[in-house]
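Asks: Mind having a look at this structure? Questions to follow.
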Amino acid sequence: MPNLTFGAPVVKSLRAHTDAVLDCHLMVEHPETYIEPFAEAGANILTIHVEATDHLERHVSAIARAA
């Protein structure tokens, strides 16, 4: 189980009640695992750490496509 404070289900629940910008900071290992679920849940901004992946450019592109 990942060490997430708020997971994608919480973001999805919040999205149903607000049009506020939801800025999700994915400070986890293997952030690519979470890009799609958080984007689909309604996150407006996704941030990942450069040291969390060997493929930063690939994952930044995935975030841009999910937007």
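Every chain in the structure tokens has a letter given in the order shown (A, B, ...), and although residue numbers restart at 1 in each chain, ligands are simply numbered from 1 in the order shown.
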Could you give me, as a ChimeraX atom specification, the residues within 7 Å of Asn44 (chain A), counting only C-alpha atoms and dropping anything in the same chain fewer than 2 positions from it?
Replies: /A:21-23,42,46
Asks: Write out as a PyMOL selection string all residues of chain A that DSSP puts in helix (DSSP H, G or I) for this structure's backbone.
Replies: chain A and resi 8-15+32-41+50-52+56-66
Asks: Using only C-alpha atoms, which protein or nucleic acid residues come within 10 Å of His55 (chain A)? Drop anything in the same chain fewer than 4 positions from it, and give the result as a PyMOL selection string.
Replies: chain A and resi 30+32+50-51+59-60
Asks: Excluding Glu40 (chain A) and any residue of its chain fewer than 3 positions from it, enumerate the residues within 9 Å of it, using only C-alpha atoms, and give them as a ChimeraX atom specification.
Replies: /A:8,12,35-37,43,66
Asks: What does the file look like for those residues with N, CA and C atoms, as a PDB file, in the first residue's frame?
Replies:
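Final output, saved to selection_13.pdb:
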```
ATOM      1  N   ALA A   8      -6.538   9.055  -5.037  1.00  0.00           N
ATOM      2  CA  ALA A   8      -7.419   9.455  -6.131  1.00  0.00           C
ATOM      3  C   ALA A   8      -8.907   9.404  -5.748  1.00  0.00           C
ATOM      4  N   LYS A  12     -11.464  12.492  -6.320  1.00  0.00           N
ATOM      5  CA  LYS A  12     -12.723  12.329  -7.068  1.00  0.00           C
ATOM      6  C   LYS A  12     -13.909  12.823  -6.248  1.00  0.00           C
ATOM      7  N   ILE A  35      -0.385   8.911 -12.137  1.00  0.00           N
ATOM      8  CA  ILE A  35      -0.759  10.020 -13.020  1.00  0.00           C
ATOM      9  C   ILE A  35      -2.174   9.849 -13.552  1.00  0.00           C
ATOM     10  N   GLU A  36      -2.445   8.736 -14.187  1.00  0.00           N
ATOM     11  CA  GLU A  36      -3.764   8.525 -14.786  1.00  0.00           C
ATOM     12  C   GLU A  36      -4.889   8.494 -13.746  1.00  0.00           C
ATOM     13  N   PRO A  37      -4.753   7.752 -12.652  1.00  0.00           N
ATOM     14  CA  PRO A  37      -5.842   7.746 -11.668  1.00  0.00           C
ATOM     15  C   PRO A  37      -6.155   9.137 -11.092  1.00  0.00           C
ATOM     16  N   ALA A  43      -7.907  15.863 -10.792  1.00  0.00           N
ATOM     17  CA  ALA A  43      -6.796  16.740 -10.406  1.00  0.00           C
ATOM     18  C   ALA A  43      -6.507  17.711 -11.543  1.00  0.00           C
ATOM     19  N   ALA A  66      -2.595  14.080 -20.040  1.00  0.00           N
ATOM     20  CA  ALA A  66      -3.751  13.836 -19.165  1.00  0.00           C
ATOM     21  C   ALA A  66      -4.511  15.126 -18.873  1.00  0.00           C
TER      22      ALA A  66
END
```
Asks: Step one, run DSSP on the backbone; step two, keep only residues of chain A assigned to strand (DSSP E or B); then write them as a PyMOL selection string.
Replies: chain A and resi 23-26+45-48
Asks: In Å, how far is it from CA of Ser61 (chain A) to CA of His25 (chain A)?
Replies: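 Here the two named atoms are 16.3 Å from each other.
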Asks: Which one of A:Thr47, A:Glu57, A:Ala67, A:Phe38 sits closest to Arg15 (chain A) if you count only C-alpha atoms?
Replies: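 Answer, going by the shortest atom-to-atom distance: A:Phe38.
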Asks: One decimal, in Å: what's the spacing between CA of Leu56 (chain A) and CA of Tyr34 (chain A)?
Replies: 13.9 Å
Asks: By how many Å are CA of Thr5 (chain A) and CA of Arg58 (chain A) apart?
Replies: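 Distance between the two atoms: 24.9 Å.
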